[in-house]
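Heads up, entry26.tsv below (TSV, C-alpha atoms):
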chain	number	residue	atom	x	y	z
A	12	MET	CA	268.39	181.51	27.30
A	13	GLY	CA	271.56	182.72	28.94
A	14	LYS	CA	273.78	180.39	30.89
A	15	THR	CA	273.19	179.98	34.62
A	16	ILE	CA	275.86	181.84	36.60
A	17	ARG	CA	277.11	179.97	39.66
A	18	LEU	CA	277.47	181.79	42.99
A	19	GLY	CA	281.25	181.32	43.05
A	20	VAL	CA	281.53	182.85	39.58
A	21	LYS	CA	279.43	185.84	40.65
A	22	ILE	CA	281.62	186.40	43.69
A	23	ARG	CA	284.85	186.21	41.67
A	24	ARG	CA	283.48	188.50	38.95
A	25	GLY	CA	282.24	191.07	41.45
A	26	GLY	CA	285.47	190.85	43.44
A	27	PHE	CA	287.59	191.54	40.37
A	28	TRP	CA	285.68	194.66	39.38
A	29	LEU	CA	285.57	195.87	42.99
A	30	ALA	CA	289.36	195.55	43.28
A	31	ASP	CA	289.75	197.46	40.02
A	32	ARG	CA	287.40	200.19	41.24
A	33	LEU	CA	289.38	200.59	44.47
A	34	ALA	CA	292.56	200.89	42.37
A	35	GLY	CA	291.11	203.68	40.24
A	36	GLY	CA	288.91	201.80	37.78
A	37	LYS	CA	291.42	201.91	34.92
A	38	VAL	CA	290.81	198.38	33.66
A	39	ARG	CA	287.06	198.99	33.37
A	40	LYS	CA	287.72	202.34	31.65
A	41	PHE	CA	289.96	200.73	29.03
A	42	TYR	CA	287.59	197.78	28.67
A	43	ARG	CA	284.73	200.17	27.91
A	44	GLU	CA	286.88	201.94	25.32
A	45	LEU	CA	287.47	198.62	23.55
A	46	LYS	CA	283.72	198.04	23.41
A	47	LYS	CA	283.16	201.33	21.57
A	48	SER	CA	283.04	201.56	17.81
A	49	PRO	CA	286.21	202.90	16.11
A	50	GLU	CA	284.42	206.21	15.50
A	51	GLU	CA	283.80	206.66	19.24
A	52	ARG	CA	287.39	206.03	20.33
A	53	PRO	CA	290.30	208.50	20.31
A	54	PRO	CA	291.68	208.63	16.73
A	55	PRO	CA	294.72	206.34	16.36
A	56	SER	CA	296.58	209.19	14.63
A	57	GLN	CA	296.13	211.32	17.76
A	58	GLU	CA	297.49	208.58	20.04
A	59	LEU	CA	300.36	207.95	17.61
A	60	GLN	CA	301.47	211.58	17.70
A	61	LYS	CA	301.46	211.51	21.51
A	62	LEU	CA	303.61	208.35	21.42
A	63	LEU	CA	306.10	209.78	18.90
A	64	ALA	CA	306.51	213.02	20.85
A	65	HIS	CA	307.00	211.16	24.14
A	66	THR	CA	309.47	208.72	22.61
A	67	ALA	CA	311.62	211.37	20.92
A	68	ALA	CA	311.79	213.36	24.17
A	69	THR	CA	312.58	210.51	26.58
A	70	THR	CA	314.49	207.74	24.75
A	71	ASP	CA	318.03	207.80	23.45
A	72	PHE	CA	317.26	205.55	20.49
A	73	TYR	CA	314.61	207.89	19.03
A	74	LYS	CA	315.95	211.31	20.07
A	75	ALA	CA	317.12	211.99	16.50
A	76	TYR	CA	313.46	211.79	15.37
A	77	LYS	CA	312.28	214.75	17.44
A	78	GLY	CA	309.69	216.66	15.44
A	79	CYS	CA	309.17	213.80	12.97
A	80	THR	CA	305.44	213.05	12.80
A	81	ASP	CA	305.44	210.61	9.86
A	82	ILE	CA	305.92	207.07	11.13
A	83	ARG	CA	307.12	205.92	7.71
A	84	TYR	CA	310.45	207.67	8.39
A	85	TYR	CA	311.05	205.65	11.55
A	86	PRO	CA	313.17	202.49	11.31
A	87	VAL	CA	311.67	199.01	11.41
A	88	VAL	CA	313.11	197.31	14.52
A	89	THR	CA	313.37	193.66	15.49
A	90	LYS	CA	313.51	191.91	18.82
A	91	ASP	CA	317.27	191.58	18.40
A	92	VAL	CA	317.72	195.33	17.77
A	93	ILE	CA	315.76	196.18	20.93
A	94	ARG	CA	317.65	193.62	22.98
A	95	LYS	CA	321.08	194.91	21.86
A	96	ASN	CA	320.06	198.54	22.52
A	97	TYR	CA	317.85	197.84	25.52
A	98	ASN	CA	318.75	200.86	27.68
A	99	ARG	CA	318.41	203.21	24.70
A	100	PHE	CA	314.79	202.10	24.22
A	101	VAL	CA	313.72	202.53	27.86
A	102	SER	CA	312.01	205.87	28.52
A	103	SER	CA	313.77	208.11	31.04
A	104	ALA	CA	310.33	209.31	32.19
A	105	PHE	CA	309.80	206.00	33.97
A	106	ARG	CA	313.20	205.40	35.53
A	107	GLY	CA	312.83	204.76	39.25
A	108	ARG	CA	309.09	204.15	38.98
A	109	PHE	CA	307.25	200.86	39.42
A	110	LEU	CA	307.11	198.98	36.12
A	111	HIS	CA	305.77	195.60	35.15
A	112	VAL	CA	308.43	193.29	33.72
A	113	MET	CA	307.04	191.04	31.00
A	114	LYS	CA	309.36	188.17	30.10
A	115	THR	CA	308.85	186.15	26.95
A	116	SER	CA	309.42	182.44	27.42
A	117	GLY	CA	311.57	182.02	24.33
A	118	THR	CA	309.33	179.59	22.44
A	119	SER	CA	310.76	181.03	19.21
A	120	GLY	CA	314.27	180.44	20.51
A	121	GLU	CA	314.80	184.08	21.52
A	122	ARG	CA	314.27	185.40	25.03
A	123	PHE	CA	313.11	188.90	25.72
A	124	SER	CA	312.21	191.14	28.66
A	125	VAL	CA	309.99	194.18	28.28
A	126	LEU	CA	309.10	196.95	30.73
A	127	GLN	CA	305.44	198.05	30.79
A	128	ASN	CA	304.10	201.12	32.57
A	129	ARG	CA	300.99	200.78	34.75
A	130	GLU	CA	298.57	202.07	32.11
A	131	LYS	CA	299.93	199.67	29.50
A	132	ARG	CA	299.62	196.75	31.90
A	133	LYS	CA	296.01	197.63	32.70
A	134	ARG	CA	295.25	197.92	28.99
A	135	VAL	CA	296.58	194.39	28.50
A	136	LEU	CA	294.21	193.16	31.23
A	137	ALA	CA	291.33	195.04	29.56
A	138	GLU	CA	292.23	193.37	26.24
A	139	LEU	CA	292.14	189.97	27.85
A	140	ILE	CA	288.70	190.54	29.38
A	141	TYR	CA	287.24	192.06	26.21
A	142	TYR	CA	288.52	189.39	23.82
A	143	ASN	CA	287.61	186.57	26.20
A	144	GLU	CA	284.07	187.91	26.33
A	145	GLN	CA	283.90	187.93	22.52
A	146	CYS	CA	284.22	184.15	22.79
A	147	GLY	CA	281.88	183.71	25.76
A	148	LEU	CA	284.47	183.53	28.56
A	149	PHE	CA	283.75	186.04	31.33
A	150	PRO	CA	285.70	186.99	34.50
A	151	GLY	CA	285.12	184.31	37.14
A	152	ASP	CA	284.22	181.51	34.69
A	153	LYS	CA	286.12	178.29	35.34
A	154	PHE	CA	288.57	177.26	32.62
A	155	VAL	CA	291.55	175.04	31.90
A	156	TYR	CA	294.70	176.76	30.63
A	157	PHE	CA	297.28	174.69	28.72
A	158	ARG	CA	300.76	176.18	28.58
A	159	ALA	CA	304.36	175.60	29.59
A	160	TRP	CA	304.37	176.65	33.24
A	161	TYR	CA	307.63	177.86	34.79
A	162	PRO	CA	308.57	180.11	37.74
A	163	ASP	CA	308.18	183.41	35.87
A	164	ASN	CA	304.55	182.77	34.89
A	165	ARG	CA	303.29	180.36	37.51
A	166	ARG	CA	301.12	181.80	40.31
A	167	SER	CA	300.31	180.34	43.69
A	168	ASN	CA	297.48	177.82	43.99
A	169	LEU	CA	295.52	180.47	45.90
A	170	VAL	CA	295.74	182.87	42.93
A	171	PHE	CA	294.73	180.12	40.51
A	172	ARG	CA	291.69	179.37	42.65
A	173	ALA	CA	290.79	183.06	42.81
A	174	MET	CA	290.97	183.21	39.01
A	175	ASN	CA	289.00	179.95	38.74
A	176	MET	CA	291.78	178.64	36.51
A	177	ILE	CA	293.07	175.07	36.31
A	178	PRO	CA	296.67	175.18	35.03
A	179	MET	CA	297.47	172.23	32.75
A	180	GLU	CA	301.05	171.47	31.76
A	181	CYS	CA	301.29	171.22	27.98
A	182	THR	CA	304.84	169.90	27.82
A	183	SER	CA	303.52	166.35	28.03
A	184	LEU	CA	300.82	165.31	25.58
A	185	SER	CA	301.01	161.59	26.26
A	186	ASP	CA	297.89	159.41	26.39
A	187	PRO	CA	297.97	159.13	30.22
A	188	SER	CA	298.03	162.95	30.53
A	189	LEU	CA	295.16	163.33	28.07
A	190	GLN	CA	293.23	160.57	29.85
A	191	THR	CA	293.51	162.57	33.09
A	192	LEU	CA	292.26	165.65	31.26
A	193	ALA	CA	289.29	163.81	29.75
A	194	ALA	CA	288.29	162.48	33.18
A	195	LEU	CA	288.54	165.99	34.68
A	196	LEU	CA	286.38	167.58	31.97
A	197	GLN	CA	283.74	164.86	32.28
A	198	LYS	CA	283.64	165.04	36.08
A	199	ASP	CA	283.72	168.83	36.61
A	200	ARG	CA	280.75	170.28	34.74
A	201	SER	CA	281.58	173.79	35.98
A	202	ILE	CA	284.53	173.99	33.56
A	203	THR	CA	283.18	175.99	30.63
A	204	ALA	CA	286.27	176.96	28.62
A	205	LEU	CA	289.64	175.74	27.38
A	206	LYS	CA	292.59	177.98	26.53
A	207	GLY	CA	296.00	176.97	25.23
A	208	TYR	CA	298.36	176.22	22.38
A	209	ALA	CA	297.20	174.87	19.04
A	210	THR	CA	299.57	171.90	19.39
A	211	SER	CA	297.91	170.94	22.67
A	212	PHE	CA	294.45	171.06	21.11
A	213	GLY	CA	295.56	169.02	18.12
A	214	ALA	CA	296.90	166.24	20.35
A	215	MET	CA	293.79	166.44	22.54
A	216	ALA	CA	291.52	166.09	19.49
A	217	ASP	CA	293.46	162.99	18.36
A	218	TYR	CA	293.04	161.31	21.74
A	219	PHE	CA	289.43	162.31	22.38
A	220	GLU	CA	288.36	161.10	18.93
A	221	ARG	CA	290.01	157.73	19.54
A	222	GLN	CA	288.06	157.44	22.79
A	223	GLY	CA	284.77	158.17	21.01
A	224	LEU	CA	284.01	161.21	23.20
A	225	THR	CA	281.16	163.51	22.10
A	226	PRO	CA	279.83	166.98	23.10
A	227	ASP	CA	277.39	165.56	25.64
A	228	CYS	CA	280.37	164.28	27.67
A	229	PHE	CA	281.37	167.84	28.58
A	230	HIS	CA	280.02	171.29	29.40
A	231	ILE	CA	282.60	173.27	27.41
A	232	GLN	CA	281.14	176.44	25.86
A	233	THR	CA	284.20	178.00	24.24
A	234	ILE	CA	287.76	177.12	23.17
A	235	ILE	CA	290.44	179.77	22.66
A	236	SER	CA	293.67	178.85	20.91
A	237	GLY	CA	296.70	181.11	21.05
A	238	ALA	CA	300.49	181.39	20.58
A	239	GLU	CA	300.46	179.19	17.46
A	240	ARG	CA	298.44	178.92	14.29
A	241	LEU	CA	295.33	176.73	14.64
A	242	ASP	CA	294.62	175.18	11.26
A	243	SER	CA	291.05	175.07	9.98
A	244	SER	CA	290.84	171.26	10.08
A	245	THR	CA	291.76	171.14	13.81
A	246	ARG	CA	289.28	173.93	14.46
A	247	ALA	CA	286.52	171.92	12.75
A	248	ARG	CA	287.44	168.77	14.71
A	249	LEU	CA	287.29	170.64	18.03
A	250	GLU	CA	283.92	172.16	17.14
A	251	ASN	CA	282.64	168.68	16.36
A	252	LEU	CA	284.08	167.20	19.57
A	253	PHE	CA	282.79	169.86	21.96
A	254	GLY	CA	279.88	171.40	20.06
A	255	CYS	CA	281.05	174.94	20.85
A	256	PRO	CA	282.76	177.88	19.12
A	257	VAL	CA	286.53	177.59	18.61
A	258	VAL	CA	288.48	180.81	18.11
A	259	SER	CA	292.15	181.40	17.37
A	260	ARG	CA	293.85	184.39	18.97
A	261	TYR	CA	296.98	186.13	17.74
A	262	SER	CA	299.02	187.67	20.54
A	263	ASN	CA	302.52	187.99	21.90
A	264	GLN	CA	303.86	188.56	25.37
A	265	GLU	CA	305.77	191.74	24.60
A	266	ASN	CA	302.68	193.61	23.33
A	267	GLY	CA	299.37	191.88	24.08
A	268	ILE	CA	296.40	190.68	22.04
A	269	LEU	CA	296.98	191.81	18.47
A	270	ALA	CA	294.06	190.13	16.69
A	271	GLN	CA	291.39	187.48	17.10
A	272	GLN	CA	289.28	185.40	14.77
A	273	ALA	CA	285.61	186.10	14.45
A	274	ILE	CA	283.46	183.17	15.54
A	275	GLU	CA	281.77	182.95	12.14
A	276	ASN	CA	284.92	182.77	9.95
A	277	ASP	CA	288.70	182.28	9.91
A	278	ALA	CA	289.74	185.93	9.39
A	279	PHE	CA	291.61	187.74	12.18
A	280	VAL	CA	290.29	191.17	13.15
A	281	PRO	CA	293.22	193.37	14.28
A	282	ASN	CA	293.10	195.23	17.60
A	283	THR	CA	293.26	198.72	16.09
A	284	ALA	CA	292.25	200.32	19.40
A	285	HIS	CA	295.68	199.65	20.88
A	286	TYR	CA	298.00	198.99	17.94
A	287	LEU	CA	298.90	200.37	14.53
A	288	PHE	CA	299.53	197.68	11.90
A	289	GLU	CA	301.64	197.73	8.76
A	290	PHE	CA	302.05	194.94	6.23
A	291	LEU	CA	305.45	195.21	4.53
A	292	LYS	CA	307.07	193.23	1.76
A	293	LEU	CA	309.33	190.34	2.73
A	294	ASP	CA	312.43	191.85	1.12
A	295	SER	CA	311.93	195.57	1.73
A	296	ASP	CA	310.11	198.09	3.93
A	297	MET	CA	307.63	198.93	1.19
A	298	PRO	CA	303.91	198.20	1.75
A	299	ALA	CA	302.77	194.78	0.55
A	300	SER	CA	299.78	194.33	-1.75
A	301	ASP	CA	296.52	192.70	-0.68
A	302	GLY	CA	296.94	188.92	-0.57
A	303	GLU	CA	300.74	189.10	-0.78
A	304	PRO	CA	302.80	187.37	1.95
A	305	SER	CA	304.06	190.16	4.18
A	306	ARG	CA	305.86	190.93	7.41
A	307	LEU	CA	303.58	192.10	10.21
A	308	ILE	CA	304.86	195.36	11.71
A	309	VAL	CA	303.25	196.62	14.94
A	310	THR	CA	303.35	199.96	16.72
A	311	ASP	CA	302.14	199.72	20.32
A	312	LEU	CA	300.28	202.96	20.98
A	313	TYR	CA	300.32	202.71	24.77
A	314	ASN	CA	303.59	201.26	26.07
A	315	ARG	CA	305.39	204.38	27.18
A	316	ALA	CA	308.06	202.62	29.27
A	317	THR	CA	309.55	200.61	26.38
A	318	PRO	CA	308.09	202.09	23.19
A	319	PHE	CA	307.51	199.69	20.31
A	320	ILE	CA	307.49	201.70	17.09
A	321	ARG	CA	307.38	199.74	13.81
A	322	TYR	CA	308.22	196.47	15.59
A	323	ASP	CA	308.75	193.51	13.28
A	324	THR	CA	306.93	190.63	14.99
A	325	GLY	CA	308.81	188.07	12.89
A	326	ASP	CA	305.53	186.66	11.59
A	327	ILE	CA	304.52	186.30	7.97
A	328	VAL	CA	300.87	187.02	7.25
A	329	LEU	CA	298.37	187.46	4.46
A	330	SER	CA	296.06	190.47	4.65
A	331	ARG	CA	293.38	192.26	2.69
A	332	CYS	CA	290.78	194.99	3.09
A	333	ASP	CA	287.18	194.01	3.82
A	334	SER	CA	284.13	195.60	2.18
A	335	ALA	CA	284.28	198.50	4.66
A	336	GLY	CA	287.93	199.21	3.86
A	337	ASN	CA	289.24	197.81	7.14
A	338	GLY	CA	292.37	195.66	7.11
A	339	ILE	CA	291.96	192.04	8.19
A	340	ILE	CA	294.50	189.23	8.50
A	341	THR	CA	293.47	186.18	6.53
A	342	ASP	CA	296.36	183.89	7.48
A	343	ILE	CA	299.26	183.78	9.93
A	344	SER	CA	302.03	181.41	8.95
A	345	GLY	CA	305.08	182.66	10.80
A	346	ARG	CA	304.65	180.70	14.03
A	347	CYS	CA	305.81	177.18	14.60
A	348	ASP	CA	303.03	174.62	14.98
A	349	GLU	CA	305.15	171.48	15.09
A	350	ILE	CA	304.77	168.50	17.39
A	351	VAL	CA	307.85	166.71	18.71
A	352	TYR	CA	308.09	163.30	20.37
A	353	ASP	CA	309.89	161.89	23.37
A	354	THR	CA	312.03	158.78	23.07
A	355	ARG	CA	309.00	156.54	23.80
A	356	GLY	CA	306.97	158.00	20.96
A	357	ASN	CA	304.70	160.18	23.13
A	358	LYS	CA	303.73	163.57	21.73
A	359	ILE	CA	305.16	166.54	23.62
A	360	SER	CA	304.81	170.24	23.02
A	361	PRO	CA	307.79	172.04	21.45
A	362	ASN	CA	307.38	174.48	24.34
A	363	SER	CA	308.90	171.84	26.63
A	364	ALA	CA	312.30	172.90	25.28
A	365	VAL	CA	311.74	176.25	26.98
A	366	LEU	CA	311.93	174.63	30.41
A	367	ASP	CA	315.24	172.93	29.59
A	368	PHE	CA	316.87	176.24	28.68
A	369	LEU	CA	315.48	178.36	31.54
A	370	PRO	CA	318.42	177.65	33.91
A	371	PHE	CA	320.83	179.14	31.34
A	372	PRO	CA	319.90	182.86	30.96
A	373	LYS	CA	323.07	183.68	28.98
A	374	ILE	CA	321.85	181.49	26.11
A	375	LEU	CA	319.92	184.08	24.09
A	376	ARG	CA	318.87	181.91	21.14
A	377	TYR	CA	318.43	178.21	20.57
A	378	GLN	CA	316.88	175.77	18.13
A	379	LEU	CA	315.51	172.26	18.68
A	380	VAL	CA	315.69	169.85	15.73
A	381	GLN	CA	314.38	166.28	15.93
A	382	HIS	CA	315.45	163.77	13.26
A	383	SER	CA	314.09	160.61	14.90
A	384	LEU	CA	312.86	159.35	18.29
A	385	ARG	CA	316.41	159.28	19.69
A	386	ASP	CA	318.22	161.78	17.48
A	387	PHE	CA	317.80	165.41	18.60

Let me see whether you can do it: turn the structure in this file into structure tokens.
Amino acid sequence: MGKTIRLGVKIRRGGFWLADRLAGGKVRKFYRELKKSPEERPPPSQELQKLLAHTAATTDFYKAYKGCTDIRYYPVVTKDVIRKNYNRFVSSAFRGRFLHVMKTSGTSGERFSVLQNREKRKRVLAELIYYNEQCGLFPGDKFVYFRAWYPDNRRSNLVFRAMNMIPMECTSLSDPSLQTLAALLQKDRSITALKGYATSFGAMADYFERQGLTPDCFHIQTIISGAERLDSSTRARLENLFGCPVVSRYSNQENGILAQQAIENDAFVPNTAHYLFEFLKLDSDMPASDGEPSRLIVTDLYNRATPFIRYDTGDIVLSRCDSAGNGIITDISGRCDEIVYDTRGNKISPNSAVLDFLPFPKILRYQLVQHSLRDF
């Protein structure tokens, strides 16, 4: 039997799609494209050629590549290269037009701002809806979202209520904070999903297990972990605690949702509808072999405002081809999944360091090292 849909959820879900329809229906259009099989979508090669032609004609950085249709001749670029040549990457076709500014929080120690044209932004929203639904989280469903909240990403309480989202600060993972969370999840049976960082879920699992909590204490139907690698043991513990599917998502703020685990296994299925993926050797730009640690290189097929062509994500992955010849990511090991502690021994998320550095925009890179409870 399907789950009972509450009236408030129906209203929110209908309101979202109505607003999209009044704005031209682009999000639904892109969402429906994602639901199609790869054979039914526009060929990635076709979209790539459109991107390369647009980029060569409208950006200073790529103007020397006009007429070049083989992506292998384009340079691999890093976040630092784009940042140092920022104006040369921005497309002249969008100057003076409304663009969405996506700012990365700097959890890796490097801040970044990216311009996204309207179509790209709506594709990101379509990705979010599509991949949430793969896990059982639909527009309007009530969920708790763990992350480091700061002025650039925090919305008003009215917006949070409209989204049916409960924002939970992940920079403190102390027992009192987790006790408050446990009480909320037991009291509010309309909360059906949890989203957040792997470090938050690991600390939550530790506390909930100590309290002897079991699936019948909650009404959680799906858990989505992102931003960091969720190890298989934590995934199994969460499934045991909540009795629901637990899925790890691989995404970044500058592009969008790149890949997501299938519910039935640990492999990540890449989002080939919106991105082109390359797996290159660690010490050269040659293709890596199946099962060999490699750099993940992404080409964003739809960001025309700030094109990302052969973008080195900075992550090290393992990949292989499945029985159908499709590339899948079997492991992602390039993201930090450490826990740090405050001076009283309470667990805190490493993302808390982000908040300390936000008032200093001229600091472009930083690193936090903890040697002991009082030695940072």

(message) List as number ranges by chain the protein and nucleic acid residues near Arg158 in chain A, meaning an atom at most 8 Å away when all atoms listed in the file are counted, but skip any in the same chain fewer than 6 places from it.
(response) A: 178-182, 207-208

(request) Could you jot down the CA of His285 in chain A to CA of Lys90 in chain A separation for me, Å, one decimal place? (result) 19.5 Å

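Proximity to Ser259 in chain A at 8 Å, evaluated using only C-alpha atoms and with sequence-adjacent residues fewer than 4 positions away removed, yields Ile235, Ser236, Gly237, Arg240, Leu241, Gln271 and Gln272 of chain A.
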
(message) Which residues are close to Tyr85 in chain A, i.e. within 9 Å by only C-alpha atoms, leaving aside same-chain residues fewer than 2 positions away? Reply as an MDAnalysis selection string.
(response) chainID A and resid 73 76 79 81:83 87 320:321

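What separates CA of Thr115 in chain A from CA of Glu130 in chain A is a distance of 19.6 Å.
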
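Of the residues listed (A:Asp323, A:Asp227, A:Glu303, A:Glu275), A:Asp323 shows the shortest atom-to-atom separation from Glu289 in chain A; distances use all atoms listed in the file.
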
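Computed from the coordinates, the CA of Asn96 in chain A to CA of Asp71 in chain A distance equals 9.5 Å.
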
I'd like the contact shell of Ser124 in chain A - 8 Å cut-off, only C-alpha atoms, skipping same-chain residues fewer than 3 positions apart - returned as a PDB file with C-alpha atoms, in the frame of the given file.
ATOM      1  CA  VAL A 112     308.430 193.290  33.720  1.00  0.00           C
ATOM      2  CA  MET A 113     307.040 191.040  31.000  1.00  0.00           C
ATOM      3  CA  LYS A 114     309.360 188.170  30.100  1.00  0.00           C
ATOM      4  CA  THR A 115     308.850 186.150  26.950  1.00  0.00           C
ATOM      5  CA  GLU A 265     305.770 191.740  24.600  1.00  0.00           C
TER       6      GLU A 265
END

Taking all heavy atoms as the atom set, what does range 212-220 of chain A look like once completed, written as a PDB file, in the frame of the given file?
ATOM      1  N   PHE A 212     295.805 171.386  21.548  1.00  0.00           N
ATOM      2  CA  PHE A 212     294.450 171.060  21.110  1.00  0.00           C
ATOM      3  C   PHE A 212     294.447 170.013  20.003  1.00  0.00           C
ATOM      4  O   PHE A 212     293.545 169.180  19.931  1.00  0.00           O
ATOM      5  CB  PHE A 212     293.734 172.331  20.643  1.00  0.00           C
ATOM      6  CG  PHE A 212     293.373 173.261  21.761  1.00  0.00           C
ATOM      7  CD1 PHE A 212     293.567 174.624  21.646  1.00  0.00           C
ATOM      8  CD2 PHE A 212     292.850 172.776  22.949  1.00  0.00           C
ATOM      9  CE1 PHE A 212     293.233 175.486  22.673  1.00  0.00           C
ATOM     10  CE2 PHE A 212     292.518 173.625  23.996  1.00  0.00           C
ATOM     11  CZ  PHE A 212     292.716 174.992  23.853  1.00  0.00           C
ATOM     12  N   GLY A 213     295.477 170.042  19.157  1.00  0.00           N
ATOM     13  CA  GLY A 213     295.560 169.020  18.120  1.00  0.00           C
ATOM     14  C   GLY A 213     295.763 167.633  18.709  1.00  0.00           C
ATOM     15  O   GLY A 213     295.099 166.668  18.321  1.00  0.00           O
ATOM     16  N   ALA A 214     296.664 167.526  19.688  1.00  0.00           N
ATOM     17  CA  ALA A 214     296.900 166.240  20.350  1.00  0.00           C
ATOM     18  C   ALA A 214     295.673 165.802  21.138  1.00  0.00           C
ATOM     19  O   ALA A 214     295.323 164.608  21.166  1.00  0.00           O
ATOM     20  CB  ALA A 214     298.112 166.350  21.270  1.00  0.00           C
ATOM     21  N   MET A 215     294.998 166.749  21.778  1.00  0.00           N
ATOM     22  CA  MET A 215     293.790 166.440  22.540  1.00  0.00           C
ATOM     23  C   MET A 215     292.702 165.905  21.610  1.00  0.00           C
ATOM     24  O   MET A 215     292.016 164.929  21.936  1.00  0.00           O
ATOM     25  CB  MET A 215     293.302 167.693  23.263  1.00  0.00           C
ATOM     26  CG  MET A 215     292.056 167.471  24.115  1.00  0.00           C
ATOM     27  SD  MET A 215     291.527 168.999  24.928  1.00  0.00           S
ATOM     28  CE  MET A 215     290.995 169.945  23.505  1.00  0.00           C
ATOM     29  N   ALA A 216     292.534 166.542  20.450  1.00  0.00           N
ATOM     30  CA  ALA A 216     291.520 166.090  19.490  1.00  0.00           C
ATOM     31  C   ALA A 216     291.810 164.664  19.035  1.00  0.00           C
ATOM     32  O   ALA A 216     290.896 163.828  18.922  1.00  0.00           O
ATOM     33  CB  ALA A 216     291.467 167.032  18.301  1.00  0.00           C
ATOM     34  N   ASP A 217     293.086 164.364  18.777  1.00  0.00           N
ATOM     35  CA  ASP A 217     293.460 162.990  18.360  1.00  0.00           C
ATOM     36  C   ASP A 217     293.019 161.981  19.404  1.00  0.00           C
ATOM     37  O   ASP A 217     292.401 160.951  19.081  1.00  0.00           O
ATOM     38  CB  ASP A 217     294.983 162.891  18.169  1.00  0.00           C
ATOM     39  CG  ASP A 217     295.476 163.662  16.955  1.00  0.00           C
ATOM     40  OD1 ASP A 217     294.651 163.941  16.061  1.00  0.00           O
ATOM     41  OD2 ASP A 217     296.684 163.974  16.913  1.00  0.00           O
ATOM     42  N   TYR A 218     293.344 162.260  20.672  1.00  0.00           N
ATOM     43  CA  TYR A 218     293.040 161.310  21.740  1.00  0.00           C
ATOM     44  C   TYR A 218     291.547 161.195  21.978  1.00  0.00           C
ATOM     45  O   TYR A 218     290.994 160.094  22.089  1.00  0.00           O
ATOM     46  CB  TYR A 218     293.761 161.709  23.026  1.00  0.00           C
ATOM     47  CG  TYR A 218     293.458 160.779  24.183  1.00  0.00           C
ATOM     48  CD1 TYR A 218     294.133 159.552  24.304  1.00  0.00           C
ATOM     49  CD2 TYR A 218     292.490 161.098  25.129  1.00  0.00           C
ATOM     50  CE1 TYR A 218     293.842 158.687  25.338  1.00  0.00           C
ATOM     51  CE2 TYR A 218     292.203 160.239  26.170  1.00  0.00           C
ATOM     52  CZ  TYR A 218     292.877 159.029  26.273  1.00  0.00           C
ATOM     53  OH  TYR A 218     292.578 158.166  27.304  1.00  0.00           O
ATOM     54  N   PHE A 219     290.860 162.325  22.084  1.00  0.00           N
ATOM     55  CA  PHE A 219     289.430 162.310  22.380  1.00  0.00           C
ATOM     56  C   PHE A 219     288.630 161.604  21.283  1.00  0.00           C
ATOM     57  O   PHE A 219     287.654 160.905  21.559  1.00  0.00           O
ATOM     58  CB  PHE A 219     288.908 163.730  22.578  1.00  0.00           C
ATOM     59  CG  PHE A 219     289.260 164.336  23.916  1.00  0.00           C
ATOM     60  CD1 PHE A 219     290.295 163.832  24.695  1.00  0.00           C
ATOM     61  CD2 PHE A 219     288.557 165.431  24.404  1.00  0.00           C
ATOM     62  CE1 PHE A 219     290.621 164.377  25.915  1.00  0.00           C
ATOM     63  CE2 PHE A 219     288.870 165.997  25.634  1.00  0.00           C
ATOM     64  CZ  PHE A 219     289.912 165.470  26.392  1.00  0.00           C
ATOM     65  N   GLU A 220     289.047 161.785  20.035  1.00  0.00           N
ATOM     66  CA  GLU A 220     288.360 161.100  18.930  1.00  0.00           C
ATOM     67  C   GLU A 220     288.550 159.598  19.018  1.00  0.00           C
ATOM     68  O   GLU A 220     287.605 158.828  18.779  1.00  0.00           O
ATOM     69  CB  GLU A 220     288.881 161.631  17.593  1.00  0.00           C
ATOM     70  CG  GLU A 220     288.374 163.021  17.243  1.00  0.00           C
ATOM     71  CD  GLU A 220     289.021 163.597  15.996  1.00  0.00           C
ATOM     72  OE1 GLU A 220     290.085 163.080  15.577  1.00  0.00           O
ATOM     73  OE2 GLU A 220     288.487 164.568  15.440  1.00  0.00           O
TER      74      GLU A 220
END
